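Asks: One structure is given below, represented as structure tokens, and several questions about it will come after.
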Amino acid sequence: FDLSSPDIFFQVLKKAAAELKESQFKSTSKLMFVIMGLNHLREWIAPGYDFRTEAKTSAEKFFNEIFALEEFKIVNGLCNHSKHLKVSQGPLFHIQCNSIDHWPEIDSVENFDLGPPTDHFVGDRDLQDIISRVISYYETKWFCK
């Protein structure tokens, strides 16, 4: 991969999130990439940092600060839930378009009864809004400082 810095990784994540938001049908693989990437980006910023120790650098302080963001905690929970292959018990759900005429490639549809996902929600919150908030936090608090 040509991802040699947190800045480059962040740009890739922003592009993938924008593509996901703009698409009518939400790719599960792209959603997982964005969720896992946003969760682990702070580890690229503060590599090797153990949150149980005192934060000494600005990167380590940022590592802790972003975890206080409610939306980041949601992203972290979704990432860890997926990473450990646990079946969702929480409020994550998606809405599908049921008309097969509008489906993207048929091989990408995981549930033929429901169709491809068109939106994702965590409780009553649109996951795209949650992702946008986390991206904005990274942008303003770390990458544009």
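Identifiers in this document derive from the order of the structure tokens: chains are assigned A, B, ..., residues are numbered from 1 separately in each chain, and ligands are numbered from 1 in order of occurrence.
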As a PyMOL selection string, please: the residues near region 7-19 of chain A (cut-off 7 Å, only C-alpha atoms, same-chain neighbours under 3 positions excluded).
Replies: chain A and resi 3-4+22-23+30+34+37
Asks: Those residues you just picked out, can you put them in a file as an mmCIF file, in the first residue's frame with C-alpha atoms?
Replies:
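And here is the file that came out, out25.cif:
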data_model
loop_
_atom_site.group_PDB
_atom_site.id
_atom_site.type_symbol
_atom_site.label_atom_id
_atom_site.label_comp_id
_atom_site.auth_asym_id
_atom_site.auth_seq_id
_atom_site.Cartn_x
_atom_site.Cartn_y
_atom_site.Cartn_z
ATOM 1 C CA LEU A 3 -0.173 4.663 2.916
ATOM 2 C CA SER A 4 2.968 6.008 4.505
ATOM 3 C CA GLU A 22 -23.032 9.751 -2.012
ATOM 4 C CA SER A 23 -23.959 6.231 -3.128
ATOM 5 C CA LYS A 30 -16.648 0.176 2.184
ATOM 6 C CA VAL A 34 -14.369 3.444 6.940
ATOM 7 C CA GLY A 37 -10.072 2.949 9.538
#
Asks: Which residues, written as a PDB file with all heavy atoms, in the first residue's frame, have at least one atom at most 10 Å from Leu31 (chain A), with only C-alpha atoms counted and residues fewer than 2 positions away on the same chain left out?
Replies:
ATOM      1  N   ALA A  16     -13.271   7.584   0.871  1.00  0.00           N
ATOM      2  CA  ALA A  16     -14.156   6.415   0.963  1.00  0.00           C
ATOM      3  C   ALA A  16     -15.472   6.784   1.657  1.00  0.00           C
ATOM      4  O   ALA A  16     -16.551   6.349   1.234  1.00  0.00           O
ATOM      5  CB  ALA A  16     -13.458   5.279   1.712  1.00  0.00           C
ATOM      6  N   ALA A  17     -15.402   7.593   2.702  1.00  0.00           N
ATOM      7  CA  ALA A  17     -16.617   8.019   3.412  1.00  0.00           C
ATOM      8  C   ALA A  17     -17.503   8.872   2.507  1.00  0.00           C
ATOM      9  O   ALA A  17     -18.733   8.731   2.527  1.00  0.00           O
ATOM     10  CB  ALA A  17     -16.242   8.777   4.683  1.00  0.00           C
ATOM     11  N   LEU A  20     -19.191   6.609   0.015  1.00  0.00           N
ATOM     12  CA  LEU A  20     -20.234   5.852   0.701  1.00  0.00           C
ATOM     13  C   LEU A  20     -21.470   6.722   0.912  1.00  0.00           C
ATOM     14  O   LEU A  20     -22.599   6.297   0.645  1.00  0.00           O
ATOM     15  CB  LEU A  20     -19.694   5.347   2.043  1.00  0.00           C
ATOM     16  CG  LEU A  20     -20.580   4.415   2.847  1.00  0.00           C
ATOM     17  CD1 LEU A  20     -20.792   3.100   2.113  1.00  0.00           C
ATOM     18  CD2 LEU A  20     -19.939   4.149   4.201  1.00  0.00           C
ATOM     19  N   LYS A  21     -21.264   7.938   1.351  1.00  0.00           N
ATOM     20  CA  LYS A  21     -22.382   8.849   1.621  1.00  0.00           C
ATOM     21  C   LYS A  21     -23.143   9.181   0.346  1.00  0.00           C
ATOM     22  O   LYS A  21     -24.367   9.274   0.348  1.00  0.00           O
ATOM     23  CB  LYS A  21     -21.858  10.127   2.280  1.00  0.00           C
ATOM     24  CG  LYS A  21     -22.948  11.042   2.762  1.00  0.00           C
ATOM     25  CD  LYS A  21     -22.374  12.193   3.555  1.00  0.00           C
ATOM     26  CE  LYS A  21     -23.501  12.976   4.213  1.00  0.00           C
ATOM     27  NZ  LYS A  21     -23.003  13.931   5.182  1.00  0.00           N
ATOM     28  N   LYS A  26     -25.396   1.287   0.026  1.00  0.00           N
ATOM     29  CA  LYS A  26     -24.244   1.384   0.910  1.00  0.00           C
ATOM     30  C   LYS A  26     -23.466   0.075   0.935  1.00  0.00           C
ATOM     31  O   LYS A  26     -23.949  -0.935   1.444  1.00  0.00           O
ATOM     32  CB  LYS A  26     -24.682   1.758   2.329  1.00  0.00           C
ATOM     33  CG  LYS A  26     -25.585   2.985   2.406  1.00  0.00           C
ATOM     34  CD  LYS A  26     -24.970   4.219   1.772  1.00  0.00           C
ATOM     35  CE  LYS A  26     -25.911   5.404   1.895  1.00  0.00           C
ATOM     36  NZ  LYS A  26     -25.542   6.511   1.064  1.00  0.00           N
ATOM     37  N   SER A  27     -22.284   0.103   0.386  1.00  0.00           N
ATOM     38  CA  SER A  27     -21.409  -1.063   0.335  1.00  0.00           C
ATOM     39  C   SER A  27     -20.969  -1.454   1.741  1.00  0.00           C
ATOM     40  O   SER A  27     -20.378  -0.649   2.467  1.00  0.00           O
ATOM     41  CB  SER A  27     -20.185  -0.735  -0.521  1.00  0.00           C
ATOM     42  OG  SER A  27     -19.135  -1.642  -0.279  1.00  0.00           O
ATOM     43  N   THR A  28     -21.239  -2.694   2.105  1.00  0.00           N
ATOM     44  CA  THR A  28     -20.835  -3.187   3.419  1.00  0.00           C
ATOM     45  C   THR A  28     -19.320  -3.179   3.559  1.00  0.00           C
ATOM     46  O   THR A  28     -18.785  -2.802   4.607  1.00  0.00           O
ATOM     47  CB  THR A  28     -21.394  -4.600   3.665  1.00  0.00           C
ATOM     48  OG1 THR A  28     -22.825  -4.535   3.597  1.00  0.00           O
ATOM     49  CG2 THR A  28     -20.981  -5.152   5.013  1.00  0.00           C
ATOM     50  N   SER A  29     -18.613  -3.554   2.506  1.00  0.00           N
ATOM     51  CA  SER A  29     -17.149  -3.591   2.587  1.00  0.00           C
ATOM     52  C   SER A  29     -16.577  -2.177   2.750  1.00  0.00           C
ATOM     53  O   SER A  29     -15.646  -1.958   3.529  1.00  0.00           O
ATOM     54  CB  SER A  29     -16.543  -4.292   1.374  1.00  0.00           C
ATOM     55  OG  SER A  29     -16.909  -3.644   0.175  1.00  0.00           O
ATOM     56  N   PHE A  33     -14.541  -0.685   6.008  1.00  0.00           N
ATOM     57  CA  PHE A  33     -13.251  -0.029   5.838  1.00  0.00           C
ATOM     58  C   PHE A  33     -13.241   1.330   6.542  1.00  0.00           C
ATOM     59  O   PHE A  33     -12.299   1.656   7.278  1.00  0.00           O
ATOM     60  CB  PHE A  33     -12.909   0.134   4.353  1.00  0.00           C
ATOM     61  CG  PHE A  33     -11.705   1.005   4.111  1.00  0.00           C
ATOM     62  CD1 PHE A  33     -10.430   0.559   4.421  1.00  0.00           C
ATOM     63  CD2 PHE A  33     -11.851   2.283   3.592  1.00  0.00           C
ATOM     64  CE1 PHE A  33      -9.319   1.359   4.219  1.00  0.00           C
ATOM     65  CE2 PHE A  33     -10.748   3.096   3.374  1.00  0.00           C
ATOM     66  CZ  PHE A  33      -9.479   2.634   3.690  1.00  0.00           C
ATOM     67  N   VAL A  34     -14.295   2.111   6.339  1.00  0.00           N
ATOM     68  CA  VAL A  34     -14.369   3.444   6.940  1.00  0.00           C
ATOM     69  C   VAL A  34     -14.438   3.344   8.468  1.00  0.00           C
ATOM     70  O   VAL A  34     -13.698   4.040   9.176  1.00  0.00           O
ATOM     71  CB  VAL A  34     -15.561   4.247   6.371  1.00  0.00           C
ATOM     72  CG1 VAL A  34     -15.800   5.530   7.157  1.00  0.00           C
ATOM     73  CG2 VAL A  34     -15.337   4.558   4.897  1.00  0.00           C
ATOM     74  N   ILE A  35     -15.293   2.470   8.974  1.00  0.00           N
ATOM     75  CA  ILE A  35     -15.445   2.313  10.424  1.00  0.00           C
ATOM     76  C   ILE A  35     -14.128   1.846  11.051  1.00  0.00           C
ATOM     77  O   ILE A  35     -13.646   2.422  12.034  1.00  0.00           O
ATOM     78  CB  ILE A  35     -16.581   1.314  10.757  1.00  0.00           C
ATOM     79  CG1 ILE A  35     -17.937   1.888  10.360  1.00  0.00           C
ATOM     80  CG2 ILE A  35     -16.554   0.889  12.215  1.00  0.00           C
ATOM     81  CD1 ILE A  35     -18.398   3.069  11.167  1.00  0.00           C
ATOM     82  N   MET A  36     -13.537   0.810  10.492  1.00  0.00           N
ATOM     83  CA  MET A  36     -12.286   0.286  11.062  1.00  0.00           C
ATOM     84  C   MET A  36     -11.148   1.280  10.895  1.00  0.00           C
ATOM     85  O   MET A  36     -10.322   1.447  11.792  1.00  0.00           O
ATOM     86  CB  MET A  36     -11.952  -1.071  10.452  1.00  0.00           C
ATOM     87  CG  MET A  36     -12.908  -2.134  10.911  1.00  0.00           C
ATOM     88  SD  MET A  36     -12.388  -3.774  10.377  1.00  0.00           S
ATOM     89  CE  MET A  36     -13.655  -4.762  11.174  1.00  0.00           C
ATOM     90  N   GLY A  37     -11.118   1.962   9.769  1.00  0.00           N
ATOM     91  CA  GLY A  37     -10.072   2.949   9.538  1.00  0.00           C
ATOM     92  C   GLY A  37     -10.156   4.123  10.492  1.00  0.00           C
ATOM     93  O   GLY A  37      -9.148   4.541  11.066  1.00  0.00           O
ATOM     94  N   HIS A 120     -27.869   3.255   7.023  1.00  0.00           N
ATOM     95  CA  HIS A 120     -27.545   2.560   8.274  1.00  0.00           C
ATOM     96  C   HIS A 120     -27.814   3.508   9.429  1.00  0.00           C
ATOM     97  O   HIS A 120     -27.516   4.690   9.340  1.00  0.00           O
ATOM     98  CB  HIS A 120     -26.070   2.140   8.309  1.00  0.00           C
ATOM     99  CG  HIS A 120     -25.718   1.094   7.317  1.00  0.00           C
ATOM    100  ND1 HIS A 120     -25.295   1.396   6.049  1.00  0.00           N
ATOM    101  CD2 HIS A 120     -25.731  -0.259   7.402  1.00  0.00           C
ATOM    102  CE1 HIS A 120     -25.053   0.270   5.394  1.00  0.00           C
ATOM    103  NE2 HIS A 120     -25.313  -0.734   6.196  1.00  0.00           N
ATOM    104  N   LEU A 127     -25.871   6.673  10.569  1.00  0.00           N
ATOM    105  CA  LEU A 127     -24.452   6.350  10.707  1.00  0.00           C
ATOM    106  C   LEU A 127     -23.585   7.284   9.867  1.00  0.00           C
ATOM    107  O   LEU A 127     -22.456   7.590  10.245  1.00  0.00           O
ATOM    108  CB  LEU A 127     -24.199   4.886  10.338  1.00  0.00           C
ATOM    109  CG  LEU A 127     -22.803   4.341  10.568  1.00  0.00           C
ATOM    110  CD1 LEU A 127     -22.310   4.603  11.989  1.00  0.00           C
ATOM    111  CD2 LEU A 127     -22.759   2.849  10.260  1.00  0.00           C
ATOM    112  N   GLN A 128     -24.106   7.795   8.757  1.00  0.00           N
ATOM    113  CA  GLN A 128     -23.338   8.742   7.945  1.00  0.00           C
ATOM    114  C   GLN A 128     -23.063  10.029   8.731  1.00  0.00           C
ATOM    115  O   GLN A 128     -21.993  10.614   8.605  1.00  0.00           O
ATOM    116  CB  GLN A 128     -24.082   9.072   6.647  1.00  0.00           C
ATOM    117  CG  GLN A 128     -24.208   7.888   5.713  1.00  0.00           C
ATOM    118  CD  GLN A 128     -22.875   7.300   5.325  1.00  0.00           C
ATOM    119  OE1 GLN A 128     -21.938   8.020   4.956  1.00  0.00           O
ATOM    120  NE2 GLN A 128     -22.758   5.986   5.401  1.00  0.00           N
ATOM    121  N   ILE A 131     -20.268   9.188  11.258  1.00  0.00           N
ATOM    122  CA  ILE A 131     -18.985   9.135  10.549  1.00  0.00           C
ATOM    123  C   ILE A 131     -18.499  10.552  10.231  1.00  0.00           C
ATOM    124  O   ILE A 131     -17.327  10.881  10.441  1.00  0.00           O
ATOM    125  CB  ILE A 131     -19.108   8.272   9.275  1.00  0.00           C
ATOM    126  CG1 ILE A 131     -19.246   6.790   9.654  1.00  0.00           C
ATOM    127  CG2 ILE A 131     -17.932   8.508   8.329  1.00  0.00           C
ATOM    128  CD1 ILE A 131     -19.633   5.884   8.498  1.00  0.00           C
TER     129      ILE A 131
END
Asks: Please, what distance in Å, to one decimal, runs between CA of Ile135 (chain A) and CA of Lys56 (chain A)?
Replies: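 Pair CA of Ile135 (chain A) / CA of Lys56 (chain A) returns 24.0 Å.
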Asks: So the first atom is CA of Arg42 (chain A) and the second is CA of Asp129 (chain A); what is the distance between them in Å, to one decimal place?
Replies: 19.6 Å
Asks: Between A:Phe121, A:Ile74, A:Phe63, A:Tyr138, which has the minimum distance to Gly48 (chain A) (counting only C-alpha atoms)?
Replies: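 Once distances to Gly48 (chain A) are computed over only C-alpha atoms, the minimum belongs to A:Phe63.
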